[in-house]
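Q: Structure incoming, see below.
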There are 2 protein chains.
Amino acid sequence: MAQAQKITPRAKDYSEWYNDVIMQAELADYSPVRGCMVIRPHGYRIWELMQRALDDMFRATGHQNAYFPLFIPMSFLAKEAEHVEGFAKEVALVTHTRLKATGKEGAQAVAPDPESALEEPLVIRPTSETIIYAMFAKWIQSYRDLPLLMNQWCNIVRWELRTRLFLRTTEFLWQEGHTAHATEAEAEAEARQMLGVYRQFQEDWMAMPVITGRKTDSEKFAGALRTYSLEALMQDNKALQAGTSHNLGQNFARAFNVQYQTASGGLDYVWNTSWGVTTRMIGALVMTHSDDNGLVAPPKLAPVQVVIVPIWKTDEERSRVSGVGGQVKADLVNAGLRVELDLRENLKPGAKYFEWEAKGVPLRLEIGPRDVAAGQVIAARRGGGKTPATLDGIARTVTAALEEIQTALFDAAKQRREAHSIRGPTKAQFIEFMKAGGGFAYGGFCGSAACEAEIKRETAATVRVLPDPEFRSPDPARTCLWCGKPSIAEAVWAQAY
Amino acid sequence: MAQAQKITPRAKDYSEWYNDVIMQAELADYSPVRGCMVIRPHGYRIWELMQRALDDMFRATGHQNAYFPLFIPMSFLAKEAEHVEGFAKEVALVTHTRLKATGKEGAQAVAPDPESALEEPLVIRPTSETIIYAMFAKWIQSYRDLPLLMNQWCNIVRWELRTRLFLRTTEFLWQEGHTAHATEAEAEAEARQMLGVYRQFQEDWMAMPVITGRKTDSEKFAGALRTYSLEALMQDNKALQAGTSHNLGQNFARAFNVQYQTASGGLDYVWNTSWGVTTRMIGALVMTHSDDNGLVAPPKLAPVQVVIVPIWKTDEERSRVSGVGGQVKADLVNAGLRVELDLRENLKPGAKYFEWEAKGVPLRLEIGPRDVAAGQVIAARRGGGKTPATLDGIARTVTAALEEIQTALFDAAKQRREAHSIRGPTKAQFIEFMKAGGGFAYGGFCGSAACEAEIKRETAATVRVLPDPEFRSPDPARTCLWCGKPSIAEAVWAQAY
């Protein structure tokens with residue numbers, strides 16, 4: 001294990017802080033492959049917990065998991081014009097299938113065998129609409145086959161030039177839902193439903209408040225009719241797109257000829273939706289809650305929810321505190337909690353605290369000889385605060401504390417977001433706000449792509465969403481904050497990841 | 001949903017039968033990408049159930065999941081000489097990262113952009129030893145960091161010319177365990193332990209008897225010191241390698257410089273193991289238990305364990321039988337079972353039976369109006385046999401029936417295997433056995449690669465394993481069944497997938 005190191009404070013260098021938190025918590029590491037990272041066990045456990053929770057929600061809404069090929073024939077991508085344009089600059093292409101000895105030494109010992117060149121190169125999926133809807137065309141014949149509700153958990157490759165751990169990597173992990181419906185209304189309802197599922201997950205599990213709404217045309221998915229997204233505000237006041245849900249209309253159905261016989265005997269194209277969230281959410285989680293001591297993980301997604309640290313000086317004390325520690329661990333595990341008992345001999349309690357704090361464990365239970373005598377432990381919360389807790393009923397006490405911590409994290413993140421949101425600024429205020437560090441700016445929007453482009457150029461802010469009704473200002477501006485023309489919808493602007 | 005079709009009988013065309021079972025059960029489908037298949041929801045559910053069971057076993061033996069890059073720099077593969085030789089002929093190579101418009105129409109509209117050519121091509125992982133041990137070199141400093149016990153669930157690509165659904169596909173899903181140890185003995189114990197975990201899973205969950213043992217040098221993993229494997233006998237009397245576990249020695253540690261400081265202050269290379277099982281197990285499951293009516297799934301891995309089919313003529317009857325069906329379903333779901341209640345209006349009961357049988361559901365509960373009156377259901381087992389079961393205590397009855405079915409499937413498969421095994425044949429008997437359809441032949445083996453090669457050429461049989469003690473014949477032959485020289489170990493031969 002690497003030596004524990006000091007984490008760069010947020011105030012000093014936010015970007016360094018973010019990397020330090022990830023490295024110290026052992027969530028991920030840089031790999032020898034450009035733009036690709038390794039997700040280490042502590043980080044991968046968070047992903048598994050995320051997957052479990054989301055997967056249950058997908059099943060509860062009638063979706064089934066399946067697995068489609070990693071490879072997409074190059075020509076498939078080209079079938080939907082906007083789609084190929086959107087992804088052409090970032091696809092990994094497989095062109096050969098054999099290596100050949102070169103006779104050289106070392107790293108140059110092999111090279112692609114020219115005789116193994118593929119007739120048609122294969123694209124590594126940057127998303128799977130094309131391959132999945134090609135299969136849908138085979139499976140869907142009649143209205144009885146609809147809706148078809150599928151989901152896939154897999155890896156994705158988009159060739160990125162500037163990468164950051166979790167937030168933007170050449171390869172990442174995600175789920176992509178893909179559905180087919182008989183009517184536009186059903187597809188729209190599905191796209192909205194899954195946006196709601198994501199919101200529930202991100203708020204309830206990640207303790208991360210989000211704003212939902214619709215993307216403008218310039219920010220929508222390549223090939224979609226409408227894109228909805230969830231936007232969260234990070235601690236540096238940059239927005240992070242935490243998930244998207246697309247009503248794809250009949251665009252892909254036409255490109256891949258996904259037709260069905262209607263109840264009345266006619267023939268029509270299906271309406272598709274697709275929706276996805278990625279390992280990027282781990283980066284969002286880090287930047288929503290963590291502090292200068294390292295990761296802060298919301299209890300529901302913490303790989304370790306409780307760490308028990310016995311404290312001893314003599315062997316006799318060690319035996320006593322360890323025994324009680326073991327008993328407490330058993331009680332908590334029985335209550336369904338994820339618990340570590342840290343009995344390492346070669347580390348002082350302080351060093352253990354330091355390490356488990358960096359790893360984001362929400363609650364630490366310290367047990368010294370005097371605590372054993374008093375029939376109690378000392379419960380220290382990751383966010384601060386120490387209180388004794390009696391051994392009697394410890395599982396109930398701990399469970400309640402974890403619930404409190406989960407709620408408090410959400411509340412704190414929401415307060416922070418609101419403290420960095422402005423509503424109805426003038427153009428000058430808007431420019432100043434974005435210059436001074438940014439946040440969410442709610443303002444009127446004329447709907448023109450020209451205004452959007454100009455705002456982006458001058459302030460680096462983009463329309464994150466045209467917010468859903470519940471997120472709109474009570475009294476939204478009537479004119480575009482930039483050009484002053486009548487507003488067609490309130491918009492939320494921010495600089496973004 | 002495609003029209004139900006008749007399955008080719010095994011006796012008529014085994015290979016057609018296998019494909020028919022998979023297509024009718026909707027386990028998988030052919031994809032437009034050469035050599036790649038789509039795993040459909042019913043098949044993917046089996047994989048998820050397999051994953052859950054295995055993952056629990058891996059955790060219980062101290063392993064942690066992580067995720068490593070899909071891409072491996074070409075030069076990494078070349079660092080271990082046997083390894084690159086073993087995989088050179090079957091690797092997909094990424095050489096470009098952008099598409100470019102060609103100005104042509106349709107499928108030729110785009111082509112790889114020559115300006116995006118990579119300096120060093122990337123190999124899509126055919127297995128991850130090289131990239132994982134490169135990371136181990138970074139993480140392991142001291143004996144305190146050992147053992148390091150990791151596992152990865154991921155997709156793998158090996159370019160195959162002749163593919164078969166589940167058994168051999170260009171892309172497949174698997175898990176690969178990778179560990180590092182301080183001593184050879186520990187690595188050997190780990191490799192053996194994981195072989196035991198696989199055996200337990202395949203016998204207890206898949207109801208598939210296996211023979212475990214060591215591979216000969218000609219069949220071992222490219223780069224391993226020793227390879228252990230599990231071999232099962234399919235219904236066509238061909239062997240299927242169902243999993244492998246490798247003691248990699250210090251081969252990769254030397255190639256990737258994975259060194260650690262010993263307790264006494266010295267420096268030594270670690271000892272590695274790797275072990276994997278794949279979606280191929282789904283093919284093995286199909287070929288171990290299924291029959292001419294379709295899939296037979298062992299209850300522990302059946303996506304649907306019980307299907308309830310209410311039978312009615314009138315609306316009044318429908319309401320009564322559906323009500324009881326719903327109640328039974330609730331009881332069974334409460335008992336932790338996976339249950340479907342088939343209330344489809346447009347299908348006759350017979351057609352429903354046909355469909356659920358093809359899908360391998362172990363137990364069907366039929367509920368007609370007279371059954372309701374008698375307070376019972378009719379329980380029909382997938383393997384044959386109908387008995388009434390009282391509604392009172394139905395969950396207990398069903399659970400017991402599923403356990404019986406699970407055990408009976410294992411026993412039947414084991415009996416079949418033993419009926420197609422011979423021990424101590426003469427050379428002539430061996431040749432005749434392999435010509436007559438084959439099976440497992442236990443015989444003496446001189447250990448020479450020349451004998452192995454000759455046997456393969458003349459009978460298509462290979463040494464599946466040098467069996468572990470508990471699988472050896474009570475009185476093993478003293479001489480090689482082929483050349484008559486002294487035997488160095490008993491071997492199990494078979495023609496194999």
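Naming scheme: A, B, ... for chains in displayed order of the structure tokens; residues 1 onward per chain; ligands 1 onward as shown.
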Residues of chain A within 8 Å of chain B, counting only C-alpha atoms - could you list those as a PyMOL selection string?
A: chain A and resi 1-2+31-33+36-41+43-45+64-76+78-79+88-100+106-112+121+131+134-135+139-141+144-145+159+171
Q: Can you tell me which residues surround segment 474-483 of chain B at a distance of at most 9 Å, considering only C-alpha atoms, apart from same-chain residues fewer than 2 positions away, and format the answer as a PDB file with all heavy atoms, in the first residue's frame?
A:
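In the end it all went to selection_30.pdb:
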```pdb
ATOM      1  N   ARG B 423     -12.375 -47.192 -18.691  1.00  0.00           N
ATOM      2  CA  ARG B 423     -11.133 -47.140 -17.928  1.00  0.00           C
ATOM      3  C   ARG B 423     -10.200 -48.262 -18.376  1.00  0.00           C
ATOM      4  O   ARG B 423     -10.631 -49.403 -18.536  1.00  0.00           O
ATOM      5  CB  ARG B 423     -11.444 -47.280 -16.432  1.00  0.00           C
ATOM      6  CG  ARG B 423     -12.099 -46.026 -15.873  1.00  0.00           C
ATOM      7  CD  ARG B 423     -12.653 -46.192 -14.460  1.00  0.00           C
ATOM      8  NE  ARG B 423     -13.609 -45.121 -14.170  1.00  0.00           N
ATOM      9  CZ  ARG B 423     -13.303 -43.973 -13.563  1.00  0.00           C
ATOM     10  NH1 ARG B 423     -12.076 -43.741 -13.156  1.00  0.00           N
ATOM     11  NH2 ARG B 423     -14.245 -43.070 -13.356  1.00  0.00           N
ATOM     12  N   GLY B 424      -8.975 -47.881 -18.579  1.00  0.00           N
ATOM     13  CA  GLY B 424      -7.931 -48.855 -18.937  1.00  0.00           C
ATOM     14  C   GLY B 424      -8.132 -49.577 -20.247  1.00  0.00           C
ATOM     15  O   GLY B 424      -7.900 -50.791 -20.331  1.00  0.00           O
ATOM     16  N   PRO B 425      -8.564 -48.895 -21.310  1.00  0.00           N
ATOM     17  CA  PRO B 425      -8.745 -49.591 -22.587  1.00  0.00           C
ATOM     18  C   PRO B 425      -7.391 -49.949 -23.208  1.00  0.00           C
ATOM     19  O   PRO B 425      -6.381 -49.324 -22.909  1.00  0.00           O
ATOM     20  CB  PRO B 425      -9.453 -48.548 -23.457  1.00  0.00           C
ATOM     21  CG  PRO B 425      -8.959 -47.245 -22.926  1.00  0.00           C
ATOM     22  CD  PRO B 425      -8.806 -47.449 -21.439  1.00  0.00           C
ATOM     23  N   THR B 426      -7.405 -50.956 -24.069  1.00  0.00           N
ATOM     24  CA  THR B 426      -6.233 -51.202 -24.907  1.00  0.00           C
ATOM     25  C   THR B 426      -6.228 -50.133 -25.991  1.00  0.00           C
ATOM     26  O   THR B 426      -7.220 -49.410 -26.164  1.00  0.00           O
ATOM     27  CB  THR B 426      -6.329 -52.576 -25.593  1.00  0.00           C
ATOM     28  OG1 THR B 426      -7.476 -52.545 -26.455  1.00  0.00           O
ATOM     29  CG2 THR B 426      -6.476 -53.699 -24.567  1.00  0.00           C
ATOM     30  N   LYS B 427      -5.153 -50.067 -26.747  1.00  0.00           N
ATOM     31  CA  LYS B 427      -5.068 -49.098 -27.842  1.00  0.00           C
ATOM     32  C   LYS B 427      -6.216 -49.312 -28.826  1.00  0.00           C
ATOM     33  O   LYS B 427      -6.876 -48.347 -29.256  1.00  0.00           O
ATOM     34  CB  LYS B 427      -3.710 -49.242 -28.546  1.00  0.00           C
ATOM     35  CG  LYS B 427      -3.478 -48.251 -29.671  1.00  0.00           C
ATOM     36  CD  LYS B 427      -2.050 -48.349 -30.207  1.00  0.00           C
ATOM     37  CE  LYS B 427      -1.816 -47.380 -31.349  1.00  0.00           C
ATOM     38  NZ  LYS B 427      -0.423 -47.425 -31.841  1.00  0.00           N
ATOM     39  N   PHE B 430      -9.466 -48.219 -27.367  1.00  0.00           N
ATOM     40  CA  PHE B 430      -9.475 -46.756 -27.308  1.00  0.00           C
ATOM     41  C   PHE B 430      -9.862 -46.161 -28.669  1.00  0.00           C
ATOM     42  O   PHE B 430     -10.739 -45.298 -28.761  1.00  0.00           O
ATOM     43  CB  PHE B 430      -8.085 -46.271 -26.874  1.00  0.00           C
ATOM     44  CG  PHE B 430      -7.928 -44.778 -26.833  1.00  0.00           C
ATOM     45  CD1 PHE B 430      -8.422 -44.040 -25.762  1.00  0.00           C
ATOM     46  CD2 PHE B 430      -7.276 -44.098 -27.854  1.00  0.00           C
ATOM     47  CE1 PHE B 430      -8.267 -42.660 -25.717  1.00  0.00           C
ATOM     48  CE2 PHE B 430      -7.119 -42.726 -27.823  1.00  0.00           C
ATOM     49  CZ  PHE B 430      -7.616 -42.001 -26.746  1.00  0.00           C
ATOM     50  N   TYR B 442     -10.139 -43.152 -19.623  1.00  0.00           N
ATOM     51  CA  TYR B 442      -9.068 -43.063 -18.638  1.00  0.00           C
ATOM     52  C   TYR B 442      -8.007 -44.083 -19.007  1.00  0.00           C
ATOM     53  O   TYR B 442      -8.326 -45.260 -19.157  1.00  0.00           O
ATOM     54  CB  TYR B 442      -9.589 -43.425 -17.247  1.00  0.00           C
ATOM     55  CG  TYR B 442     -10.608 -42.480 -16.661  1.00  0.00           C
ATOM     56  CD1 TYR B 442     -11.895 -42.383 -17.193  1.00  0.00           C
ATOM     57  CD2 TYR B 442     -10.290 -41.730 -15.535  1.00  0.00           C
ATOM     58  CE1 TYR B 442     -12.836 -41.533 -16.632  1.00  0.00           C
ATOM     59  CE2 TYR B 442     -11.229 -40.875 -14.966  1.00  0.00           C
ATOM     60  CZ  TYR B 442     -12.487 -40.788 -15.514  1.00  0.00           C
ATOM     61  OH  TYR B 442     -13.409 -39.946 -14.955  1.00  0.00           O
ATOM     62  N   GLY B 443      -6.773 -43.640 -19.122  1.00  0.00           N
ATOM     63  CA  GLY B 443      -5.742 -44.603 -19.466  1.00  0.00           C
ATOM     64  C   GLY B 443      -4.368 -44.138 -19.040  1.00  0.00           C
ATOM     65  O   GLY B 443      -4.171 -42.966 -18.712  1.00  0.00           O
ATOM     66  N   GLY B 444      -3.413 -45.028 -19.083  1.00  0.00           N
ATOM     67  CA  GLY B 444      -2.030 -44.676 -18.768  1.00  0.00           C
ATOM     68  C   GLY B 444      -1.465 -43.753 -19.838  1.00  0.00           C
ATOM     69  O   GLY B 444      -1.905 -43.772 -20.984  1.00  0.00           O
ATOM     70  N   PHE B 445      -0.522 -42.903 -19.424  1.00  0.00           N
ATOM     71  CA  PHE B 445       0.069 -41.931 -20.368  1.00  0.00           C
ATOM     72  C   PHE B 445       1.560 -41.826 -20.082  1.00  0.00           C
ATOM     73  O   PHE B 445       1.972 -41.616 -18.947  1.00  0.00           O
ATOM     74  CB  PHE B 445      -0.629 -40.582 -20.188  1.00  0.00           C
ATOM     75  CG  PHE B 445      -0.058 -39.479 -21.034  1.00  0.00           C
ATOM     76  CD1 PHE B 445       0.235 -39.687 -22.384  1.00  0.00           C
ATOM     77  CD2 PHE B 445       0.192 -38.223 -20.485  1.00  0.00           C
ATOM     78  CE1 PHE B 445       0.760 -38.661 -23.160  1.00  0.00           C
ATOM     79  CE2 PHE B 445       0.711 -37.195 -21.248  1.00  0.00           C
ATOM     80  CZ  PHE B 445       1.004 -37.421 -22.596  1.00  0.00           C
ATOM     81  N   CYS B 446       2.332 -41.954 -21.157  1.00  0.00           N
ATOM     82  CA  CYS B 446       3.790 -41.923 -21.015  1.00  0.00           C
ATOM     83  C   CYS B 446       4.323 -40.511 -20.808  1.00  0.00           C
ATOM     84  O   CYS B 446       5.470 -40.323 -20.432  1.00  0.00           O
ATOM     85  CB  CYS B 446       4.440 -42.523 -22.250  1.00  0.00           C
ATOM     86  SG  CYS B 446       4.120 -41.535 -23.743  1.00  0.00           S
ATOM     87  N   GLY B 447       3.473 -39.517 -21.079  1.00  0.00           N
ATOM     88  CA  GLY B 447       3.887 -38.127 -20.868  1.00  0.00           C
ATOM     89  C   GLY B 447       4.533 -37.494 -22.090  1.00  0.00           C
ATOM     90  O   GLY B 447       4.871 -36.311 -22.057  1.00  0.00           O
ATOM     91  N   CYS B 451       3.316 -38.756 -28.423  1.00  0.00           N
ATOM     92  CA  CYS B 451       2.161 -39.645 -28.275  1.00  0.00           C
ATOM     93  C   CYS B 451       0.869 -38.815 -28.329  1.00  0.00           C
ATOM     94  O   CYS B 451      -0.090 -39.188 -29.007  1.00  0.00           O
ATOM     95  CB  CYS B 451       2.218 -40.394 -26.943  1.00  0.00           C
ATOM     96  SG  CYS B 451       2.738 -42.112 -27.115  1.00  0.00           S
ATOM     97  N   GLU B 452       0.862 -37.706 -27.579  1.00  0.00           N
ATOM     98  CA  GLU B 452      -0.319 -36.834 -27.549  1.00  0.00           C
ATOM     99  C   GLU B 452      -0.710 -36.401 -28.960  1.00  0.00           C
ATOM    100  O   GLU B 452      -1.873 -36.451 -29.334  1.00  0.00           O
ATOM    101  CB  GLU B 452       0.000 -35.571 -26.735  1.00  0.00           C
ATOM    102  CG  GLU B 452      -0.609 -35.543 -25.349  1.00  0.00           C
ATOM    103  CD  GLU B 452      -0.343 -34.198 -24.681  1.00  0.00           C
ATOM    104  OE1 GLU B 452       0.841 -33.907 -24.416  1.00  0.00           O
ATOM    105  OE2 GLU B 452      -1.307 -33.448 -24.423  1.00  0.00           O
ATOM    106  N   GLU B 454       0.096 -37.727 -31.830  1.00  0.00           N
ATOM    107  CA  GLU B 454      -0.320 -38.847 -32.678  1.00  0.00           C
ATOM    108  C   GLU B 454      -1.759 -39.260 -32.358  1.00  0.00           C
ATOM    109  O   GLU B 454      -2.565 -39.527 -33.256  1.00  0.00           O
ATOM    110  CB  GLU B 454       0.639 -40.007 -32.448  1.00  0.00           C
ATOM    111  CG  GLU B 454       0.833 -40.878 -33.669  1.00  0.00           C
ATOM    112  CD  GLU B 454       1.843 -41.986 -33.386  1.00  0.00           C
ATOM    113  OE1 GLU B 454       3.022 -41.641 -33.139  1.00  0.00           O
ATOM    114  OE2 GLU B 454       1.449 -43.165 -33.368  1.00  0.00           O
ATOM    115  N   ILE B 455      -2.073 -39.316 -31.089  1.00  0.00           N
ATOM    116  CA  ILE B 455      -3.438 -39.676 -30.675  1.00  0.00           C
ATOM    117  C   ILE B 455      -4.428 -38.656 -31.217  1.00  0.00           C
ATOM    118  O   ILE B 455      -5.490 -39.011 -31.730  1.00  0.00           O
ATOM    119  CB  ILE B 455      -3.522 -39.759 -29.125  1.00  0.00           C
ATOM    120  CG1 ILE B 455      -2.735 -40.965 -28.621  1.00  0.00           C
ATOM    121  CG2 ILE B 455      -4.978 -39.825 -28.670  1.00  0.00           C
ATOM    122  CD1 ILE B 455      -2.591 -41.028 -27.114  1.00  0.00           C
ATOM    123  N   PHE B 471     -10.462 -38.420  -8.769  1.00  0.00           N
ATOM    124  CA  PHE B 471     -11.076 -38.831 -10.034  1.00  0.00           C
ATOM    125  C   PHE B 471     -10.296 -39.962 -10.701  1.00  0.00           C
ATOM    126  O   PHE B 471     -10.683 -40.430 -11.769  1.00  0.00           O
ATOM    127  CB  PHE B 471     -11.162 -37.629 -10.993  1.00  0.00           C
ATOM    128  CG  PHE B 471     -12.076 -36.556 -10.502  1.00  0.00           C
ATOM    129  CD1 PHE B 471     -11.570 -35.386  -9.963  1.00  0.00           C
ATOM    130  CD2 PHE B 471     -13.463 -36.733 -10.556  1.00  0.00           C
ATOM    131  CE1 PHE B 471     -12.408 -34.393  -9.487  1.00  0.00           C
ATOM    132  CE2 PHE B 471     -14.305 -35.749 -10.082  1.00  0.00           C
ATOM    133  CZ  PHE B 471     -13.778 -34.567  -9.544  1.00  0.00           C
ATOM    134  N   ARG B 472      -9.198 -40.371 -10.092  1.00  0.00           N
ATOM    135  CA  ARG B 472      -8.388 -41.408 -10.726  1.00  0.00           C
ATOM    136  C   ARG B 472      -9.041 -42.768 -10.572  1.00  0.00           C
ATOM    137  O   ARG B 472      -9.795 -43.007  -9.632  1.00  0.00           O
ATOM    138  CB  ARG B 472      -6.989 -41.437 -10.089  1.00  0.00           C
ATOM    139  CG  ARG B 472      -6.141 -40.282 -10.582  1.00  0.00           C
ATOM    140  CD  ARG B 472      -4.746 -40.269  -9.959  1.00  0.00           C
ATOM    141  NE  ARG B 472      -4.231 -38.892  -9.989  1.00  0.00           N
ATOM    142  CZ  ARG B 472      -3.358 -38.388  -9.118  1.00  0.00           C
ATOM    143  NH1 ARG B 472      -2.870 -39.143  -8.140  1.00  0.00           N
ATOM    144  NH2 ARG B 472      -2.964 -37.134  -9.206  1.00  0.00           N
ATOM    145  N   LYS B 485       4.796 -47.709 -23.287  1.00  0.00           N
ATOM    146  CA  LYS B 485       5.870 -47.412 -22.329  1.00  0.00           C
ATOM    147  C   LYS B 485       5.283 -47.182 -20.936  1.00  0.00           C
ATOM    148  O   LYS B 485       4.067 -46.988 -20.812  1.00  0.00           O
ATOM    149  CB  LYS B 485       6.639 -46.166 -22.791  1.00  0.00           C
ATOM    150  CG  LYS B 485       7.551 -46.433 -23.979  1.00  0.00           C
ATOM    151  CD  LYS B 485       8.441 -45.225 -24.277  1.00  0.00           C
ATOM    152  CE  LYS B 485       9.082 -45.398 -25.652  1.00  0.00           C
ATOM    153  NZ  LYS B 485       9.216 -44.112 -26.357  1.00  0.00           N
ATOM    154  N   PRO B 486       6.127 -47.147 -19.915  1.00  0.00           N
ATOM    155  CA  PRO B 486       5.584 -46.944 -18.557  1.00  0.00           C
ATOM    156  C   PRO B 486       4.780 -45.649 -18.463  1.00  0.00           C
ATOM    157  O   PRO B 486       5.148 -44.631 -19.058  1.00  0.00           O
ATOM    158  CB  PRO B 486       6.832 -46.865 -17.672  1.00  0.00           C
ATOM    159  CG  PRO B 486       7.888 -47.616 -18.426  1.00  0.00           C
ATOM    160  CD  PRO B 486       7.583 -47.383 -19.880  1.00  0.00           C
ATOM    161  N   SER B 487       3.680 -45.701 -17.742  1.00  0.00           N
ATOM    162  CA  SER B 487       2.815 -44.531 -17.558  1.00  0.00           C
ATOM    163  C   SER B 487       3.372 -43.646 -16.460  1.00  0.00           C
ATOM    164  O   SER B 487       3.793 -44.145 -15.410  1.00  0.00           O
ATOM    165  CB  SER B 487       1.404 -44.991 -17.198  1.00  0.00           C
ATOM    166  OG  SER B 487       0.634 -43.899 -16.761  1.00  0.00           O
ATOM    167  N   ILE B 488       3.386 -42.343 -16.713  1.00  0.00           N
ATOM    168  CA  ILE B 488       3.830 -41.436 -15.639  1.00  0.00           C
ATOM    169  C   ILE B 488       2.630 -40.873 -14.885  1.00  0.00           C
ATOM    170  O   ILE B 488       2.741 -40.369 -13.777  1.00  0.00           O
ATOM    171  CB  ILE B 488       4.672 -40.256 -16.188  1.00  0.00           C
ATOM    172  CG1 ILE B 488       3.862 -39.452 -17.219  1.00  0.00           C
ATOM    173  CG2 ILE B 488       5.988 -40.712 -16.770  1.00  0.00           C
ATOM    174  CD1 ILE B 488       4.195 -38.002 -17.195  1.00  0.00           C
ATOM    175  N   ALA B 489       1.450 -40.935 -15.488  1.00  0.00           N
ATOM    176  CA  ALA B 489       0.234 -40.455 -14.816  1.00  0.00           C
ATOM    177  C   ALA B 489      -0.967 -40.982 -15.585  1.00  0.00           C
ATOM    178  O   ALA B 489      -0.901 -41.153 -16.802  1.00  0.00           O
ATOM    179  CB  ALA B 489       0.187 -38.927 -14.813  1.00  0.00           C
ATOM    180  N   GLU B 490      -2.054 -41.198 -14.868  1.00  0.00           N
ATOM    181  CA  GLU B 490      -3.280 -41.525 -15.577  1.00  0.00           C
ATOM    182  C   GLU B 490      -3.744 -40.257 -16.278  1.00  0.00           C
ATOM    183  O   GLU B 490      -3.529 -39.148 -15.775  1.00  0.00           O
ATOM    184  CB  GLU B 490      -4.357 -42.014 -14.622  1.00  0.00           C
ATOM    185  CG  GLU B 490      -5.566 -42.570 -15.376  1.00  0.00           C
ATOM    186  CD  GLU B 490      -6.609 -43.189 -14.452  1.00  0.00           C
ATOM    187  OE1 GLU B 490      -6.805 -42.644 -13.331  1.00  0.00           O
ATOM    188  OE2 GLU B 490      -7.232 -44.181 -14.835  1.00  0.00           O
TER     189      GLU B 490
END
```
Q: Ranking B:Trp205, B:Trp493, B:Tyr228, B:Tyr18 by minimum distance to Ala460 of chain B and counting only C-alpha atoms, which one comes first?
A: B:Trp493
Q: When you count only C-alpha atoms, which of these residues is closest to Tyr269 of chain A: A:Glu458, A:Asp392, A:Asp56, A:Glu184?
A: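 Closest to Tyr269 of chain A of all the choices is A:Glu184.
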Q: Give the alpha helix (DSSP H) residues of segment 247-310 of chain A, as DSSP finds them on the backbone, and put them as number ranges by chain.
A: A: 251-256, 280-289
Q: When you count only C-alpha atoms, which of these residues is closest to Phe201 of chain B: B:Asp217, B:Glu418, B:Asp55, B:Glu403?
A: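 Of B:Asp217, B:Glu418, B:Asp55, B:Glu403, the one nearest Phe201 of chain B, counting only C-alpha atoms, is B:Asp55.
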Q: Using only C-alpha atoms, determine which residues lie at most 7 Å from Leu240 of chain A, disregarding the query and same-chain residues fewer than 3 positions distant; provide the list as a list in words.
A: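 Result of the neighbour search: Glu231, Ala232, Leu233, Met234, Ala496 and Tyr497 of chain A.
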Q: Using Å and a single decimal, report how far atom CA of Met281 of chain A sits from atom CA of Lys359 of chain A.
A: 17.0 Å
Q: Calculated over only C-alpha atoms, which of the candidates B:Val296, B:Val465, B:Ala494, B:Ala222 has the smallest distance to Met434 of chain B?
A: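 Going through B:Val296, B:Val465, B:Ala494, B:Ala222 one by one, the smallest distance to Met434 of chain B is for B:Ala494.
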